[in-house]
Amino acid sequence: MPEYHRLENIEDVDEFYSAISRRNLTKTLSEERPYTYWTIELYDTENGIRGGGGLGVLAADTRRVAESLNIPLTLITPFYPSESHQTFENGEMKTIHTEKNYRDFGFNFVDTVNIRCNDQIVRLEVVEKKLGSTRILSITEPNFGELYSGLSWGDHRLYQEVSLGFGGYQALKLVGLKPAIMQLNEVATFFAALARLDELASSGMDFYEAVVYTRKHTLYTNHTLVQAAEAEFSFEQFERFVFPNLKSRAVKKWLKDKFVNNRIKLSSVTIEIAELRSGVSKLHARVANYRDLSGDKVKFKAVTNGIDLRTWILPQILDFYHNEKILTKFDLPSRDYVDILENLEAKTIKSLKIEGRKILNDILSRRPDSNGKFLHFEDNEVIFVFKRRFVDYKRPWLPFSDLKRLRKILEENNAHYILAGRVHEGDERMYGRLKNILDSIKSDPFLSTHVHYIPDYDEELAYALSVGGNVTINTPIVGLEACGTSWMKDIGNFCLLVSTHDGGVADCPQDSYLSISGKSEGEEIDSLYLRMEESARSWHNDFDLEYWIKTELSNYLPVISGARMIKDYLEYLF
């Protein structure tokens, strides 16, 4: 196992979390001085906010894990009054927009705060929902729109980000909270730290002391790899949306000096305002290509993403982990978990997967595929699953490069292939790719009954496919995936992982899973099919199945643990 994932002995870990649960860390964290977690995206449909992908899912999991560990955490995010859903009608994808009301999800109205944009005062509603030691604090207004609405460099996107930052910081003060730490998830949350700097500098603190204080209490967590791909804003846009919300002349001058040719990248100023910086996997922290305004490459601390096991793992499998003392009560791997896993038998794996298959079939009984059919799978059928955002670098089309070979794998192994993932609205190129896949499947009598696309991908479907599937396919171009967490849920639910060595998967050696390799895409495609064949056969061979499940879990249980992620963040911050 990699050295990074060798935990201290279990007694030390227990003592660490016991200290948190007894709130012995009140000098740094308390109900009034919480860990504040800022995100433009939250994917938590139970609480009424539907995100767009992994960033939002991670935010929801982080809050849930903090609640289970009794850590004072406040998550600040917009409540979007509208959300989109995707359906298929006559072979064409349609987008439906639905309205949302925060009151329907248990949020309470607190008060209003004001920001200035476009020579107007905008009134934002502040709403909150308390959940144990945590709370979701949101700002909203009727015209706020949907998540990621408009162009990434457009006025409306900037308005949403300014609202979250300046409005969200006022919301904190409104409910009597002072952040012990500000974790900025991606650069869209930069304005929260800017609001704090402005408050300190305009309240009598020396400007340079205010900068030092803000920097020492701000963590910038980067979730992407390439700074060049980031959108830019103009000086004129900042004159209309940002500068009117600043009181301190010194802060205005500091910010104006960050523009280059009247343009600004938020990552550049976020790097300047946050002394603490983290990447979301070991590989990401090592290769992320970000530079500060001086041109120096920025170093990131590796804190690999994790998941909330209690949300994403089948209850019967989670009970097995706890009863066998593979996981502690804090959902961390026990000191002896590798040795205990040696006793895991194929009959246990298969019997627990049958329980997951029941859940999958139940959910699919009300979730039609793109042809309007309701699917049902037998216990002995092998299910390959691709369930991720449909974007170029994730390459969802890769398994369809050779339909004859795909057909042979499915025929010989009594197998099906399920595609699930959202195409971003307006991404015509990716929609065209998906349509080509579906058209090619329809033209083949066998594949048309063994390859299925389930539209409107969401948390419910993600969970169902994790607990009910057998093999998860993860094919990002190596070097472009920051972490990914979908595969983590699948591994925890006894799925075999077929993947390129990228993102969080690369935290462990390539022999930890069924690795796709190759120096060209053609070689990768050949490797992918070989690994698909091997994974399918493993579900018909107890020895091979036991070997791969034990190997995956031995290596990745410490990686996927959301409690481990929180532990790493707290040790880094405090």
# chains A, B, ... in the order shown; residues from 1 in each chain; ligands from 1

call {"tool": "residues_around", "arguments": {"residues": "Asp458 of chain A", "least_positions_apart": "2", "cutoff": "12 Å", "atoms": "only C-alpha atoms", "output": "CSV table (one decimal) with C-alpha atoms, in the first residue's frame"}}
result
chain,number,residue,atom,x,y,z
A,43,TYR,CA,-25.7,18.4,-5.2
A,44,ASP,CA,-28.1,17.4,-2.5
A,45,THR,CA,-31.6,16.8,-3.8
A,46,GLU,CA,-32.9,15.8,-0.4
A,49,ILE,CA,-30.4,21.8,-4.4
A,50,ARG,CA,-29.5,19.9,-7.5
A,51,GLY,CA,-25.9,20.3,-8.7
A,52,GLY,CA,-24.2,19.6,-12.0
A,53,GLY,CA,-21.6,17.1,-11.1
A,54,GLY,CA,-18.8,15.9,-8.8
A,56,GLY,CA,-21.7,19.4,-5.9
A,57,VAL,CA,-21.7,15.8,-4.8
A,84,SER,CA,-33.1,21.5,-15.3
A,85,HIS,CA,-34.0,17.9,-16.2
A,86,GLN,CA,-33.4,15.9,-19.3
A,363,ILE,CA,-35.4,2.3,-9.2
A,367,ARG,CA,-36.8,5.4,-14.6
A,387,LYS,CA,-22.1,7.0,-15.0
A,388,ARG,CA,-20.3,10.3,-15.3
A,389,ARG,CA,-20.8,13.7,-16.8
A,420,ALA,CA,-25.9,7.3,-17.6
A,421,GLY,CA,-24.6,10.9,-17.5
A,422,ARG,CA,-25.8,14.4,-18.2
A,454,ILE,CA,-30.8,6.2,-18.8
A,455,PRO,CA,-31.5,10.0,-19.1
A,456,ASP,CA,-31.6,12.6,-16.4
A,460,GLU,CA,-30.8,8.3,-7.1
A,461,LEU,CA,-29.6,6.7,-10.3
A,462,ALA,CA,-26.0,7.0,-9.3
A,463,TYR,CA,-26.7,5.1,-6.1
A,464,ALA,CA,-28.7,2.5,-7.9
A,465,LEU,CA,-26.1,1.8,-10.5
A,486,SER,CA,-18.0,8.0,-8.9

call {"tool": "residues_around", "arguments": {"residues": "Glu186 of chain A", "least_positions_apart": "4", "cutoff": "12 Å", "atoms": "only C-alpha atoms", "output": "ChimeraX atom specification"}}
result
/A:37-41,55-56,59,161,190-192,219-225,227,230,266-271,274,277-280

call {"tool": "closest_residue", "arguments": {"among": "A:Ala482, A:Leu497, A:Ala210, A:Leu137", "to": "Ile516 of chain A", "atoms": "only C-alpha atoms"}}
result
A:Leu497

call {"tool": "select_by_dssp", "arguments": {"residues": "segment 128-310 of chain A", "states": "strand (DSSP E or B)", "output": "VMD selection string"}}
result
chain A and resid 128 to 131 134 to 140 181 to 185 218 to 222 226 232 to 234 260 263 to 265 276 to 279 289 291 297 301 to 302 307

call {"tool": "residues_around", "arguments": {"residues": "segment 426-435 of chain A", "least_positions_apart": "3", "cutoff": "12 Å", "atoms": "only C-alpha atoms", "output": "PDB file with C-alpha atoms, in the first residue's frame"}}
result
ATOM      1  CA  GLN A  86     -33.373  15.869 -19.318  1.00  0.00           C
ATOM      2  CA  PHE A  88     -35.834  11.767 -24.474  1.00  0.00           C
ATOM      3  CA  GLY A  91     -34.979  10.016 -30.049  1.00  0.00           C
ATOM      4  CA  GLU A  92     -34.208  13.651 -29.227  1.00  0.00           C
ATOM      5  CA  MET A  93     -32.996  15.026 -25.909  1.00  0.00           C
ATOM      6  CA  LYS A  94     -35.258  17.625 -24.349  1.00  0.00           C
ATOM      7  CA  THR A  95     -34.526  19.880 -21.376  1.00  0.00           C
ATOM      8  CA  TYR A 148     -24.087  27.598 -14.331  1.00  0.00           C
ATOM      9  CA  SER A 149     -26.651  29.582 -16.310  1.00  0.00           C
ATOM     10  CA  GLY A 150     -25.210  31.830 -18.974  1.00  0.00           C
ATOM     11  CA  LEU A 151     -21.670  31.908 -20.326  1.00  0.00           C
ATOM     12  CA  SER A 370     -34.009   6.593 -23.730  1.00  0.00           C
ATOM     13  CA  ARG A 389     -20.769  13.713 -16.833  1.00  0.00           C
ATOM     14  CA  PHE A 390     -20.696  13.497 -20.610  1.00  0.00           C
ATOM     15  CA  VAL A 391     -17.653  15.602 -21.431  1.00  0.00           C
ATOM     16  CA  ASP A 392     -14.866  15.033 -23.938  1.00  0.00           C
ATOM     17  CA  TYR A 393     -12.047  14.143 -21.550  1.00  0.00           C
ATOM     18  CA  LYS A 394     -14.065  11.379 -19.862  1.00  0.00           C
ATOM     19  CA  ARG A 395     -14.486   9.663 -23.283  1.00  0.00           C
ATOM     20  CA  PRO A 396     -17.824   7.868 -22.806  1.00  0.00           C
ATOM     21  CA  TRP A 397     -17.663   6.740 -26.446  1.00  0.00           C
ATOM     22  CA  LEU A 398     -14.475   4.675 -26.010  1.00  0.00           C
ATOM     23  CA  PHE A 400     -18.162   1.822 -28.653  1.00  0.00           C
ATOM     24  CA  SER A 401     -15.087   2.135 -30.853  1.00  0.00           C
ATOM     25  CA  LEU A 419     -24.746   4.569 -19.906  1.00  0.00           C
ATOM     26  CA  ALA A 420     -25.865   7.336 -17.564  1.00  0.00           C
ATOM     27  CA  GLY A 421     -24.638  10.901 -17.516  1.00  0.00           C
ATOM     28  CA  ARG A 422     -25.800  14.415 -18.236  1.00  0.00           C
ATOM     29  CA  VAL A 423     -24.813  16.412 -21.282  1.00  0.00           C
ATOM     30  CA  LEU A 438     -27.389   5.624 -29.530  1.00  0.00           C
ATOM     31  CA  ASP A 439     -28.015   5.482 -33.293  1.00  0.00           C
ATOM     32  CA  SER A 440     -25.289   2.861 -33.768  1.00  0.00           C
ATOM     33  CA  ILE A 441     -26.761   0.774 -30.955  1.00  0.00           C
ATOM     34  CA  LYS A 442     -30.248   0.921 -32.460  1.00  0.00           C
ATOM     35  CA  HIS A 452     -29.068   1.146 -22.429  1.00  0.00           C
ATOM     36  CA  TYR A 453     -28.930   4.890 -21.877  1.00  0.00           C
ATOM     37  CA  ILE A 454     -30.780   6.198 -18.810  1.00  0.00           C
ATOM     38  CA  PRO A 455     -31.456   9.958 -19.108  1.00  0.00           C
TER      39      PRO A 455
END

call {"tool": "residues_around", "arguments": {"residues": "Asn245 of chain A", "least_positions_apart": "4", "cutoff": "10 Å", "atoms": "only C-alpha atoms", "output": "ChimeraX atom specification"}}
result
/A:114-117,162,166-167,195,198,239-241,252

call {"tool": "closest_residue", "arguments": {"among": "A:Leu246, A:Ala60, A:Leu131, A:Met488", "to": "Pro558 of chain A", "atoms": "only C-alpha atoms"}}
result
A:Met488

call {"tool": "residues_around", "arguments": {"residues": "Asp331 of chain A", "least_positions_apart": "5", "cutoff": "12 Å", "atoms": "only C-alpha atoms", "output": "PyMOL selection string"}}
result
chain A and resi 10+13-14+17+65+68-69+306-311+313+318-319+321-323+325-326+337+492+557-567

call {"tool": "closest_residue", "arguments": {"among": "A:Leu530, A:Ala231, A:Leu276, A:Ile340", "to": "Val303 of chain A", "atoms": "only C-alpha atoms"}}
result
A:Leu276

call {"tool": "residues_around", "arguments": {"residues": "Arg135 of chain A", "least_positions_apart": "2", "cutoff": "9 Å", "atoms": "only C-alpha atoms", "output": "ChimeraX atom specification"}}
result
/A:63,67,72-76,128-133,137

call {"tool": "write_last_selection", "arguments": {"atoms": "C-alpha atoms", "output": "mmCIF file, in the first residue's frame"}}
result
data_model
loop_
_atom_site.group_PDB
_atom_site.id
_atom_site.type_symbol
_atom_site.label_atom_id
_atom_site.label_comp_id
_atom_site.auth_asym_id
_atom_site.auth_seq_id
_atom_site.Cartn_x
_atom_site.Cartn_y
_atom_site.Cartn_z
ATOM 1 C CA ARG A 63 -21.216 18.288 5.035
ATOM 2 C CA GLU A 67 -22.305 16.117 10.731
ATOM 3 C CA PRO A 72 -19.128 22.508 13.418
ATOM 4 C CA LEU A 73 -19.363 23.245 9.683
ATOM 5 C CA THR A 74 -21.407 25.783 7.760
ATOM 6 C CA LEU A 75 -21.807 25.236 4.027
ATOM 7 C CA ILE A 76 -22.548 28.430 2.104
ATOM 8 C CA GLU A 128 -30.809 28.313 6.363
ATOM 9 C CA LYS A 129 -31.295 24.723 7.394
ATOM 10 C CA LYS A 130 -29.593 23.278 10.483
ATOM 11 C CA LEU A 131 -28.484 19.664 10.370
ATOM 12 C CA GLY A 132 -26.829 18.502 13.591
ATOM 13 C CA SER A 133 -23.499 20.270 14.058
ATOM 14 C CA LEU A 137 -26.679 28.744 4.653
#

call {"tool": "residues_around", "arguments": {"residues": "Glu324 of chain A", "least_positions_apart": "3", "cutoff": "12 Å", "atoms": "only C-alpha atoms", "output": "VMD selection string"}}
result
chain A and resid 317 to 321 327 to 329 333 to 334 336 to 344

call {"tool": "closest_residue", "arguments": {"among": "A:Glu524, A:Asp111, A:Asp544, A:Asp292", "to": "Leu172 of chain A", "atoms": "only C-alpha atoms"}}
result
A:Asp111
